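Remarks on the structure that follows.
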Amino acid sequence: MAPSGERILEVRDLVKHFPLTQGIVLKRQIGAIKAVDGVSFDLHRGETLGVVGESGCGKSTLAKLLMALERPTSGGVTINGQDMTKARGAELKRMRRNIQMVMQDPYTSLNPRMTVGDIIGEPFEIHTDVAPKGDRRRKVQELLEVVGLNPEHINRYPHQFSGGQRQRIGIARGLALQPEIIICDEPVSALDVSIQAQVMNLLERLQEEFNLAYIFIAHDLSVVRHISDRVAVMYLGKIVELGKDEAIYERSAHPYTQALLSAVPVPDPEGRESRERIILQGDPPSPADPPSGCRFRTRCWKAQDICAEQEPLLEVRAGGHLSACHFAEAHDVIHA
Amino acid sequence: MSNPSIDTHPLEAEATTEPLLVVDNLHVEFTTRQGLVRAVNGVSYTVNAGESLAVLGESGSGKSVTAQAIMGILDMPPARIPKGEVRFRGTDMLKLSDQARSQIRGQRIAMIFQDALSALNPVFTVGWQISEMFRVHRGMSKRDGMRKAVELMDRVRIPAAKNRVNDYPHQFSGGMRQRIMIAMSIALDPEVLIADEPTTALDVTVQAQIMDLLAELQRESNMGLILITHDLGVVADVADKIAVMYAGRIVEHAPVHDLYKTPAHPYSKGLLDSIPRVDMKGQELYAIKGLPPNLLDMPSGCAFHPRCPYRRDNCVTDVPPLYEISGTRGSACHYYREVLDGTLG
Amino acid sequence: MSNDTLPSTAPVQPAKPVKESKPASLWSDAWYDLRRNPVFIIGGAMLVLLIAISAFPGLFDTVGVDAKTCSLAQARKGITSEHWFGTDNLGCDVYSRVIWGARVSIIVGFVSAIVTAIIGGALGLLGGFYGRWVDVLLSRIAEIFFAVPSILGALLILAVIGRDNAGIGTVVLALSLLAWPMILRIMRAAVITAKAQDYVVAARALGAGPGRIMIRHILPNAVAPVIVVSTINLGAFIAAEAALSFLGVGIQSPQISWGLMIADARNRFLEAPLPLLFPALFLSLTILSVVMLGDAVRDALDPKLR
């Protein structure tokens with residue numbers, strides 16, 4: 001699935017601060033949670049960009065910003081040359097056809113009071129010009145077939161399906177409007193291990209079939225590696241490293257990426273005693289009060305004075321890809 | 001036995017030849033309105049002092065229900081244990097009175113859970129909750145209990161334990177809360193520690209910290225550890241031996257190295273094969289087909305047969321026993337030899 | 001397995017085989033519970049009978065309640081084969097009047113319950129969904145009404161509207177005016193919960209407007225507690241109507257209401273207890289059946305309250 005090179009999504013300096021207020025009547029801002037703080041990247045047609053990071057790194061807020069479910073504090077999200085953050089009303093509604101999402105939890109993302117046919121058919125009811133009324137039922141059944149479900153189950157309710165099947169229903173809903181971009185927010189992490197591979201295969205097949213571009217958000221690094229062409233590593237609202245998958249996994253230059261890779265348990269007991277382990281101390285700082293300079297410096301074993309004074313920019317450094325560390329050094333942590 | 005056993009304990013008929021904890025042919029059923037659910041269907045395993053057993057399985061495999069039966073924290077009804085024994089140092093705990101049982105629970109067998117926040121009481125300080133263990137079970141004074149609580153918080157490496165002992169659970173991060181849970185569970189020097197998905201709710205880097213801590217504590221006090229998880233990576237990192245559960249039964253048990261190198265059951269093999277690997281990039285992942293079984297409507301014969309790529313006719317009709325492969329290995333597959341050799345398929 | 005594999009670290013819910021293997025939907029679960037609940041069967045059967053009586057009183061009536069059928073000569077008679085429940089002060093048949101009186105109770109109860117559910121539900125939906133000033137405004141207005149003790153408030157309203165206009169309509173108005181804030185609060189809380197659900201986020205991502213999100217996604221998932229409380233309210237409204245009519249500000253003669261019958265019979269109670277006992281008995285049974293029904297519905301729809 002080689003990306004064709006045509007840029008379909010452009011994210012520039014995206015910032016989202018959630019104000020922290022005090023008082024009920026006279027609201028007074030006492031600070032802000034810097035959930036996403038200056039994120040830029042491109043996405044090309046047919047490409048998969050993996051986004052990894054731990055809880056609180058801003059990856060879910062990033063997904064909401066890209067879906068225009070939240071308005072950014074500043075910055076732009078441009079799809080096919082049109083800025084989505086400035087779009088309103090009918091224009092925004094039209095732009096939404098091009099970018100859809102698959103959510104994490106298949107148990108809460110489907111309305112329990114609607115049949116599968118209503119759930120997958122809802123996109124057509126909202127965007128009435130996509131499919132004429134008489135055509136919709138047939139379209140829904142086609143979609144069910146595409147995601148590997150029995151088209152005769154159109155009148156069933158979500159609770160009659162298992163977790164993996166529900167996730168397929170969610171995927172079918174995302175496909176209905178034939179978008180070019182799908183944001184997958186932890187699409188397999190709520191599923192049973194034996195079902196995860198099925199859904200991963202489905203996502204890959206659909207990508208080839210419809211030339212979709214994915215933004216694949218996950219905390220499971222092996223899953224991200226399998227599906228991604230490029231990977232972005234996020235820490236406290238910023239991208240700290242961005243590059244082709246083999247660059248990130250084999251020549252990671254940022255200490256946080258290295259720690260993350262080394263912390264992942266490897267499903268192979270051979271040589272487990274001798275494996276390189278970087279155990280980070282402590283927890284990530286609060287995004288309401290991030291450290292000055294480099295945000296990772298409070299947990300970093302390489303930190304020097306400069307890290308507190310000067311914020312390292314995301315630029316091409318060691319390893320030949322983008323990273324944001326003053327002391328970037330390419331290192332193969334997992335010896336793949 | 002190097003276990004710090006407590007004198008003046010009701011359980012003194014300790015057979016030294018028996019492993020520390022033996023689960024023997026355990027059955028657990030639930031009565032539901034849709035019918036009888038056989039959640040655990042003849043599970044047997046043993047844990048020795050200083051040994052780590054990983055119980056691997058998906059949701060509904062019965063791995064957590066087995067642990068709850070060991071701890072005696074199942075709600076009965078709807079649960080029922082029609083058959084089986086849980087022997088701790090030779091005594092069947094299922095036959096003990098509630099009072100005798102609660103002497104063992106928490107003191108000699110302890111458990112930690114996935115969700116530390118809901119397992120801690122939000123209205124008491126963590127120090128108070130840890131010291132409660134000493135006050136209730138050891139009759140310590142408030143002050144001594146608090147001192148012990150600080151010691152324990154140091155031991156699970158909570159920074160500045162002295163200053164944090166009077167904080168409330170919500171003031172701690174997820175990883176720190178899990179450490180507090182661990183501190184409470186090891187407070188009375190248990191001989192067996194059951195950890196039910198202890199790191200699933202945590203981030204990868206914090207996960208590594210917690211697993212490290214558990215391994216270290218186990219080494220220090222020579223506990224038997226039962227690690228319940230769905231994560232093949234976590235198992236490979238810490239376990240000595242592994243029991244794979246599917247649909248309420250153990251389908252394979254083996255020393256951890258053997259299982260990862262040469263799985264002897266199609267289900268374990270399928271799980272291992274479906275892990276994304278670098279050399280498989282861009283290719284289709286191996287996926288176990290089909291869905292986990294409905295416990296209300298179990299397949300006939302081998303419960304895995306509808307999903308099994310090696311299925312033969314007798315798999316549909318005959319329930320496979322747990323065949324012994326060697327002294328330490330077993331597989332509940334009629335064709336385990338062929339699975340081992342890779343000559344089937 | 002070679003060294004180059006990476007692990008899977010995805011979280012999976014812990015094994016709870018019973019509930020998670022086949023979760024049933026709220027309504028089918030509730031219906032299953034109700035069908036097997038003797039409290040629901042008894043309460044429901046009694047209520048169905050009462051509804052039938054109030055819909056077709058003619059079918060149950062033996063004598064009639066026209067002034068023509070009353071005769072002072074027959075006043076305060078005991079139970080006879082013609083007058084099953086005896087006769088009242090004016091010589092009218094108590095049984096027939098009890099039958100015809102059911103209609104007022106049932107109408108006032110149901111109409112008030114439905115009106116409050118619609119008004120409180122709609123405003124709660126709007127307040128919970130839009131939040132901000134809409135919510136603040138609606139909630140403050142609701143609190144004003146909420147602060148008024150209900151029977152006292154209804155007395156006041158009916159006294160202001162005046163006896164001349166008193167009737168089913170004004171009683172319904174007075175009761176509904178005081179009861180909708182409770183429904184608003186319940187609906188608002190349920191809407192705020194439902195609003196945060198993933199499927200609502202998914203609908204917004206598809207470009208669904210606020211109307212569609214409220215009607216298709218939030219309302220069906222937030223309406224259960226309103227149904228529970230409305231069922232319980234039904235009994236309270238029936239009792240309140242009887243109380244107001246008894247106090248003389250509710251239903252007025254020549255309309256027939258159990259409350260009114262009790263009021264008329266109370267002065268002669270010692271010499272003729274039947275005209276008071278029978279409407280009181282029917283009133284109690286009606287409220288009992290509704291309370292039983294409400295209890296069963298609450299248990300079925302919200303097992304946590306048990």
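Labels used: A, B, ... for chains in the order of the structure tokens, numbers from 1 for residues in each chain, and numbers from 1 for ligands as shown.
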
Using only C-alpha atoms, which chain A residues lie at most 6 Å away from chain B, written as a VMD selection string?
chain A and resid 54 192 194 197 to 198 201 226 263 265 to 269

As a PyMOL selection string, please: all residues of range 63-212 of chain B that backbone DSSP puts in alpha helix (DSSP H).
chain B and resi 63-71+98-104+116-119+126-138+142-155+161-164+174-186+204-212

Could you dump the residues just selected with C-alpha atoms as a PDB file, in the first residue's frame?
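File written: selection36.pdb
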```
ATOM      1  CA  LYS B  63      -9.334 -17.399  34.346  1.00  0.00           C
ATOM      2  CA  SER B  64     -10.614 -14.739  36.737  1.00  0.00           C
ATOM      3  CA  VAL B  65     -13.482 -16.884  38.011  1.00  0.00           C
ATOM      4  CA  THR B  66     -10.962 -19.558  38.986  1.00  0.00           C
ATOM      5  CA  ALA B  67      -8.978 -16.982  40.939  1.00  0.00           C
ATOM      6  CA  GLN B  68     -12.117 -15.709  42.646  1.00  0.00           C
ATOM      7  CA  ALA B  69     -12.990 -19.274  43.612  1.00  0.00           C
ATOM      8  CA  ILE B  70      -9.544 -19.698  45.151  1.00  0.00           C
ATOM      9  CA  MET B  71      -9.972 -16.494  47.123  1.00  0.00           C
ATOM     10  CA  ASP B  98     -16.206 -18.946  56.497  1.00  0.00           C
ATOM     11  CA  GLN B  99     -14.253 -17.886  59.530  1.00  0.00           C
ATOM     12  CA  ALA B 100     -11.362 -20.262  58.975  1.00  0.00           C
ATOM     13  CA  ARG B 101     -11.320 -19.217  55.375  1.00  0.00           C
ATOM     14  CA  SER B 102     -11.103 -15.528  56.115  1.00  0.00           C
ATOM     15  CA  GLN B 103      -8.077 -16.320  58.287  1.00  0.00           C
ATOM     16  CA  ILE B 104      -6.302 -17.462  55.133  1.00  0.00           C
ATOM     17  CA  ALA B 116      -6.745  -0.124  41.866  1.00  0.00           C
ATOM     18  CA  LEU B 117      -8.888   2.983  42.139  1.00  0.00           C
ATOM     19  CA  SER B 118     -12.111   1.117  42.745  1.00  0.00           C
ATOM     20  CA  ALA B 119     -10.400  -1.358  45.058  1.00  0.00           C
ATOM     21  CA  VAL B 126      -3.839   5.188  52.044  1.00  0.00           C
ATOM     22  CA  GLY B 127      -1.824   4.931  55.257  1.00  0.00           C
ATOM     23  CA  TRP B 128      -4.966   4.198  57.228  1.00  0.00           C
ATOM     24  CA  GLN B 129      -6.001   1.528  54.713  1.00  0.00           C
ATOM     25  CA  ILE B 130      -2.608  -0.189  54.739  1.00  0.00           C
ATOM     26  CA  SER B 131      -2.327  -0.016  58.524  1.00  0.00           C
ATOM     27  CA  GLU B 132      -5.807  -1.472  58.873  1.00  0.00           C
ATOM     28  CA  MET B 133      -4.327  -4.804  57.778  1.00  0.00           C
ATOM     29  CA  PHE B 134      -2.053  -4.729  60.829  1.00  0.00           C
ATOM     30  CA  ARG B 135      -4.665  -3.439  63.226  1.00  0.00           C
ATOM     31  CA  VAL B 136      -7.289  -5.996  62.251  1.00  0.00           C
ATOM     32  CA  HIS B 137      -5.125  -9.065  61.714  1.00  0.00           C
ATOM     33  CA  ARG B 138      -2.208  -8.363  64.032  1.00  0.00           C
ATOM     34  CA  LYS B 142      -2.697   2.793  65.429  1.00  0.00           C
ATOM     35  CA  ARG B 143       0.769   4.279  65.639  1.00  0.00           C
ATOM     36  CA  ASP B 144       2.619   1.006  65.013  1.00  0.00           C
ATOM     37  CA  GLY B 145       0.298   0.282  62.126  1.00  0.00           C
ATOM     38  CA  MET B 146       1.080   3.615  60.544  1.00  0.00           C
ATOM     39  CA  ARG B 147       4.793   3.034  60.979  1.00  0.00           C
ATOM     40  CA  LYS B 148       4.454  -0.314  59.232  1.00  0.00           C
ATOM     41  CA  ALA B 149       2.438   1.368  56.486  1.00  0.00           C
ATOM     42  CA  VAL B 150       5.276   3.792  55.784  1.00  0.00           C
ATOM     43  CA  GLU B 151       7.729   0.886  55.701  1.00  0.00           C
ATOM     44  CA  LEU B 152       5.572  -0.942  53.204  1.00  0.00           C
ATOM     45  CA  MET B 153       5.144   2.121  51.014  1.00  0.00           C
ATOM     46  CA  ASP B 154       8.917   2.416  50.971  1.00  0.00           C
ATOM     47  CA  ARG B 155       9.157  -1.217  50.057  1.00  0.00           C
ATOM     48  CA  ALA B 161       6.386   7.629  51.592  1.00  0.00           C
ATOM     49  CA  LYS B 162       6.488   9.424  54.928  1.00  0.00           C
ATOM     50  CA  ASN B 163       4.899  12.532  53.468  1.00  0.00           C
ATOM     51  CA  ARG B 164       2.334  10.686  51.405  1.00  0.00           C
ATOM     52  CA  GLY B 174      -2.653   4.999  38.463  1.00  0.00           C
ATOM     53  CA  GLY B 175       0.757   3.407  38.838  1.00  0.00           C
ATOM     54  CA  MET B 176       1.149   4.633  42.405  1.00  0.00           C
ATOM     55  CA  ARG B 177      -2.312   3.361  43.335  1.00  0.00           C
ATOM     56  CA  GLN B 178      -1.397  -0.059  42.001  1.00  0.00           C
ATOM     57  CA  ARG B 179       1.718   0.094  44.221  1.00  0.00           C
ATOM     58  CA  ILE B 180      -0.497   0.868  47.215  1.00  0.00           C
ATOM     59  CA  MET B 181      -2.682  -2.126  46.354  1.00  0.00           C
ATOM     60  CA  ILE B 182       0.448  -4.251  46.200  1.00  0.00           C
ATOM     61  CA  ALA B 183       1.604  -2.872  49.541  1.00  0.00           C
ATOM     62  CA  MET B 184      -1.713  -3.860  51.110  1.00  0.00           C
ATOM     63  CA  SER B 185      -1.600  -7.318  49.581  1.00  0.00           C
ATOM     64  CA  ILE B 186       1.917  -8.084  50.804  1.00  0.00           C
ATOM     65  CA  VAL B 204       3.457   0.729  29.004  1.00  0.00           C
ATOM     66  CA  THR B 205       6.263   2.454  30.886  1.00  0.00           C
ATOM     67  CA  VAL B 206       4.393   2.201  34.203  1.00  0.00           C
ATOM     68  CA  GLN B 207       3.503  -1.420  33.412  1.00  0.00           C
ATOM     69  CA  ALA B 208       7.194  -2.232  33.242  1.00  0.00           C
ATOM     70  CA  GLN B 209       7.765  -0.627  36.650  1.00  0.00           C
ATOM     71  CA  ILE B 210       4.996  -2.627  38.284  1.00  0.00           C
ATOM     72  CA  MET B 211       5.994  -5.970  36.763  1.00  0.00           C
ATOM     73  CA  ASP B 212       9.547  -5.314  37.928  1.00  0.00           C
TER      74      ASP B 212
END
```

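Once Leu225 in chain B and its same-chain neighbours fewer than 6 positions away are set aside, B:Glu51, B:Ser52, B:Leu53, B:Val192, B:Leu193, B:Ile194 remain within 7 Å of it when counting only C-alpha atoms.
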
For His153 in chain A, please output as an MDAnalysis selection string all residues within 12 Å (counting only C-alpha atoms; exclusion window: fewer than 2 positions along the same chain).
chainID A and resid 115:118 120 137 140:145 148:151 155:158 160:161 165 169

Can those selected residues be exported to a file as a PDB file, in the first residue's frame so that it contains C-alpha atoms?
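Below you can see again_18.pdb, which holds the result:
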```
ATOM      1  CA  THR A 115     -30.780  -1.753  14.777  1.00  0.00           C
ATOM      2  CA  VAL A 116     -27.611  -2.445  12.859  1.00  0.00           C
ATOM      3  CA  GLY A 117     -29.378  -1.302   9.709  1.00  0.00           C
ATOM      4  CA  ASP A 118     -30.267   2.029  11.330  1.00  0.00           C
ATOM      5  CA  ILE A 120     -24.986   1.875   9.394  1.00  0.00           C
ATOM      6  CA  ARG A 137     -31.067  -0.751   2.535  1.00  0.00           C
ATOM      7  CA  VAL A 140     -26.209  -1.071   4.157  1.00  0.00           C
ATOM      8  CA  GLN A 141     -26.255  -4.743   3.248  1.00  0.00           C
ATOM      9  CA  GLU A 142     -23.321  -4.224   0.912  1.00  0.00           C
ATOM     10  CA  LEU A 143     -21.411  -2.564   3.720  1.00  0.00           C
ATOM     11  CA  LEU A 144     -22.183  -5.430   6.070  1.00  0.00           C
ATOM     12  CA  GLU A 145     -20.814  -7.800   3.500  1.00  0.00           C
ATOM     13  CA  GLY A 148     -17.505  -9.571   6.834  1.00  0.00           C
ATOM     14  CA  LEU A 149     -20.895  -9.676   8.514  1.00  0.00           C
ATOM     15  CA  ASN A 150     -24.030 -11.472   7.405  1.00  0.00           C
ATOM     16  CA  PRO A 151     -26.213  -8.977   5.458  1.00  0.00           C
ATOM     17  CA  ASN A 155     -32.448  -5.954  11.779  1.00  0.00           C
ATOM     18  CA  ARG A 156     -30.511  -7.133  14.803  1.00  0.00           C
ATOM     19  CA  TYR A 157     -29.494  -4.972  17.718  1.00  0.00           C
ATOM     20  CA  PRO A 158     -25.870  -4.390  18.766  1.00  0.00           C
ATOM     21  CA  GLN A 160     -26.752  -9.549  19.746  1.00  0.00           C
ATOM     22  CA  PHE A 161     -23.196  -9.304  18.433  1.00  0.00           C
ATOM     23  CA  GLN A 165     -18.523  -8.058  15.308  1.00  0.00           C
ATOM     24  CA  ILE A 169     -20.323  -2.578  12.528  1.00  0.00           C
TER      25      ILE A 169
END
```

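Every protein, DNA or RNA residue with an atom at most 12 Å from Leu285 in chain C, where only C-alpha atoms count and chain neighbours fewer than 5 positions away do not, is listed here: Ile42, Gly43, Gly44, Ala45, Met46, Leu47, Leu49, Leu50, Ala102, Ser105, Gly235, Ile238, Ala239, Phe278, Pro279, Ala280, Val290, Val291 and Met292 of chain C.
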
Go ahead and save the residues from that selection, with N, CA and C atoms, as a tab-separated table (two decimals), in the first residue's frame.
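Full text of again-v4.tsv as output:
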```tsv
chain	number	residue	atom	x	y	z
C	42	ILE	N	-50.58	-8.56	39.32
C	42	ILE	CA	-51.76	-8.18	40.12
C	42	ILE	C	-52.07	-6.69	39.92
C	43	GLY	N	-51.03	-5.87	40.08
C	43	GLY	CA	-51.24	-4.42	39.93
C	43	GLY	C	-51.74	-4.09	38.54
C	44	GLY	N	-51.13	-4.72	37.54
C	44	GLY	CA	-51.53	-4.46	36.16
C	44	GLY	C	-52.96	-4.88	35.90
C	45	ALA	N	-53.35	-6.07	36.39
C	45	ALA	CA	-54.71	-6.56	36.15
C	45	ALA	C	-55.73	-5.61	36.79
C	46	MET	N	-55.42	-5.16	38.02
C	46	MET	CA	-56.34	-4.24	38.69
C	46	MET	C	-56.47	-2.93	37.90
C	47	LEU	N	-55.35	-2.47	37.41
C	47	LEU	CA	-55.38	-1.19	36.70
C	47	LEU	C	-56.12	-1.33	35.38
C	49	LEU	N	-58.53	-3.35	34.75
C	49	LEU	CA	-59.95	-3.40	35.09
C	49	LEU	C	-60.48	-1.98	35.33
C	50	LEU	N	-59.73	-1.18	36.08
C	50	LEU	CA	-60.15	0.19	36.38
C	50	LEU	C	-60.23	1.03	35.10
C	102	ALA	N	-64.71	6.41	38.90
C	102	ALA	CA	-63.39	5.91	38.50
C	102	ALA	C	-62.83	6.74	37.36
C	105	SER	N	-60.78	9.83	38.40
C	105	SER	CA	-59.49	9.48	38.97
C	105	SER	C	-58.50	9.08	37.88
C	235	GLY	N	-49.89	7.37	40.78
C	235	GLY	CA	-50.59	7.10	42.04
C	235	GLY	C	-50.75	8.37	42.87
C	238	ILE	N	-53.54	10.58	41.48
C	238	ILE	CA	-54.89	10.07	41.78
C	238	ILE	C	-55.26	10.41	43.23
C	239	ALA	N	-54.29	10.22	44.13
C	239	ALA	CA	-54.54	10.56	45.53
C	239	ALA	C	-54.77	12.06	45.69
C	278	PHE	N	-67.12	2.69	50.47
C	278	PHE	CA	-66.86	2.11	49.14
C	278	PHE	C	-65.98	2.99	48.25
C	279	PRO	N	-66.27	4.29	48.13
C	279	PRO	CA	-65.32	5.08	47.33
C	279	PRO	C	-63.93	5.09	47.94
C	280	ALA	N	-63.81	5.10	49.30
C	280	ALA	CA	-62.50	5.07	49.92
C	280	ALA	C	-61.78	3.78	49.59
C	290	VAL	N	-51.55	1.06	41.36
C	290	VAL	CA	-50.58	1.89	40.66
C	290	VAL	C	-49.22	1.85	41.35
C	291	VAL	N	-49.24	1.86	42.67
C	291	VAL	CA	-47.98	1.80	43.41
C	291	VAL	C	-47.27	0.48	43.15
C	292	MET	N	-48.06	-0.61	43.13
C	292	MET	CA	-47.46	-1.92	42.84
C	292	MET	C	-46.83	-1.92	41.45
```

Using only C-alpha atoms, can you tell me which of C:Ile256, C:Val136, C:Gly207, C:Ala189 comes closest to Glu91 in chain A?
C:Gly207

Using only C-alpha atoms, find which residues of chain A lie within 9 Å of chain C and jot them down as a ChimeraX atom specification.
/A:67-69,92-94,96-97,99-103,105,108-114,122-123,126-127,157,159-162,174,177,188-193,196,219-223,225,264-268,270,334-336

Which of range 63-192 of chain A fall in strand (DSSP E or B), as a ChimeraX atom specification
/A:74-79,82-83,99-102,181-185

What's around Val11 in chain A at 10 Å? Count only C-alpha atoms, leave out sequence neighbours fewer than 6 positions away in its own chain, and write the answer as a ChimeraX atom specification.
/A:38-43,66,75-79,83

Could you turn the residues from that selection into a file that holds N, CA and C atoms, as a compact mmCIF listing (two decimals), in the first residue's frame?
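To be explicit, this is the file written out as selection_35.txt:
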```
# COMPACT_ATOMS: atom_id res chain seq x y z
N GLY A 38 0.93 22.34 19.76
CA GLY A 38 1.83 22.59 18.63
C GLY A 38 2.18 21.31 17.89
N VAL A 39 1.18 20.72 17.23
CA VAL A 39 1.41 19.47 16.50
C VAL A 39 1.26 19.72 15.01
N SER A 40 2.24 19.28 14.23
CA SER A 40 2.18 19.43 12.78
C SER A 40 2.57 18.11 12.11
N PHE A 41 1.82 17.75 11.09
CA PHE A 41 2.22 16.61 10.26
C PHE A 41 1.37 16.58 9.00
N ASP A 42 1.75 15.76 8.05
CA ASP A 42 0.98 15.58 6.82
C ASP A 42 0.52 14.13 6.74
N LEU A 43 -0.52 13.94 5.96
CA LEU A 43 -0.96 12.57 5.69
C LEU A 43 -1.21 12.47 4.20
N LEU A 66 -9.07 16.53 14.88
CA LEU A 66 -9.09 16.17 13.46
C LEU A 66 -10.51 15.90 12.98
N GLY A 75 -4.13 27.02 15.19
CA GLY A 75 -3.61 26.04 14.26
C GLY A 75 -4.64 25.60 13.25
N GLY A 76 -4.23 24.83 12.26
CA GLY A 76 -5.11 24.46 11.17
C GLY A 76 -5.10 22.98 10.84
N VAL A 77 -6.25 22.50 10.36
CA VAL A 77 -6.39 21.14 9.84
C VAL A 77 -6.94 21.27 8.43
N THR A 78 -6.11 21.03 7.43
CA THR A 78 -6.53 21.25 6.05
C THR A 78 -6.72 19.92 5.35
N ILE A 79 -7.92 19.73 4.82
CA ILE A 79 -8.22 18.51 4.07
C ILE A 79 -8.41 18.89 2.62
N ASP A 83 -9.51 24.41 4.86
CA ASP A 83 -9.27 24.39 6.30
C ASP A 83 -10.54 24.01 7.06
```

What's the 10 Å shell around Ala222 in chain C, counting only C-alpha atoms, without same-chain residues fewer than 2 positions away, as a ChimeraX atom specification?
/C:121,125,186-195,214,217-220,224-227

Writing out the chosen residues with N, CA and C atoms as a CSV table (one decimal), in the first residue's frame:
```csv
chain,number,residue,atom,x,y,z
C,121,GLY,N,-40.0,16.3,30.6
C,121,GLY,CA,-39.1,15.6,29.7
C,121,GLY,C,-38.5,16.5,28.6
C,125,LEU,N,-34.7,17.6,28.5
C,125,LEU,CA,-33.9,17.2,27.3
C,125,LEU,C,-33.1,18.4,26.8
C,186,ILE,N,-34.9,14.7,36.6
C,186,ILE,CA,-34.5,13.3,36.3
C,186,ILE,C,-34.1,13.2,34.8
C,187,MET,N,-34.8,13.9,34.0
C,187,MET,CA,-34.5,13.8,32.5
C,187,MET,C,-33.2,14.5,32.3
C,188,ARG,N,-32.9,15.6,32.9
C,188,ARG,CA,-31.7,16.4,32.7
C,188,ARG,C,-30.5,15.5,33.0
C,189,ALA,N,-30.6,14.8,34.2
C,189,ALA,CA,-29.4,14.0,34.6
C,189,ALA,C,-29.2,12.9,33.6
C,190,ALA,N,-30.3,12.2,33.2
C,190,ALA,CA,-30.1,11.1,32.3
C,190,ALA,C,-29.6,11.6,30.9
C,191,VAL,N,-30.0,12.8,30.5
C,191,VAL,CA,-29.5,13.3,29.2
C,191,VAL,C,-28.0,13.6,29.3
C,192,ILE,N,-27.6,14.2,30.4
C,192,ILE,CA,-26.2,14.6,30.5
C,192,ILE,C,-25.4,13.3,30.5
C,193,THR,N,-25.9,12.2,31.1
C,193,THR,CA,-25.1,10.9,31.0
C,193,THR,C,-25.1,10.4,29.6
C,194,ALA,N,-26.2,10.4,28.9
C,194,ALA,CA,-26.3,9.9,27.6
C,194,ALA,C,-25.5,10.7,26.6
C,195,LYS,N,-25.5,12.0,26.8
C,195,LYS,CA,-24.8,12.9,25.9
C,195,LYS,C,-23.3,12.6,25.8
C,214,MET,N,-30.7,14.5,19.6
C,214,MET,CA,-31.6,14.4,20.7
C,214,MET,C,-32.7,13.4,20.6
C,217,HIS,N,-30.8,9.6,19.4
C,217,HIS,CA,-29.8,9.0,20.2
C,217,HIS,C,-30.0,9.2,21.7
C,218,ILE,N,-30.3,10.4,22.1
C,218,ILE,CA,-30.3,10.7,23.5
C,218,ILE,C,-31.6,10.2,24.1
C,219,LEU,N,-32.8,10.7,23.5
C,219,LEU,CA,-34.1,10.4,24.1
C,219,LEU,C,-34.3,8.9,24.4
C,220,PRO,N,-34.1,8.0,23.4
C,220,PRO,CA,-34.4,6.6,23.7
C,220,PRO,C,-33.5,6.0,24.8
C,224,ALA,N,-35.9,6.0,30.2
C,224,ALA,CA,-36.4,5.0,31.2
C,224,ALA,C,-36.6,5.5,32.6
C,225,PRO,N,-35.8,6.3,33.2
C,225,PRO,CA,-36.1,6.8,34.5
C,225,PRO,C,-37.3,7.7,34.6
C,226,VAL,N,-37.6,8.4,33.5
C,226,VAL,CA,-38.8,9.3,33.4
C,226,VAL,C,-40.0,8.4,33.5
C,227,ILE,N,-40.0,7.2,32.8
C,227,ILE,CA,-41.1,6.3,32.8
C,227,ILE,C,-41.3,5.8,34.2
```

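Counting from CA of Ala179 in chain C, the distance to CA of Ala159 in chain C is 18.1 Å.
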
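Each of B:Glu29, B:Asp313, B:Asp341, B:Glu324 was compared to chain C using only C-alpha atoms, and B:Glu29 turns out to be the nearest.
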
In terms of the shortest atom-to-atom distance over only C-alpha atoms, which of B:Glu18, B:Asp167, B:Glu338, B:Asp115 is closest to chain C?
B:Asp115

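Relative to CA of Val165 in chain B, CA of Gly139 in chain B is found at 20.0 Å.
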
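Considering only C-alpha atoms, the residue among B:Leu296, B:Leu322, B:Val22, B:Cys333 positioned nearest to chain C is B:Leu296.
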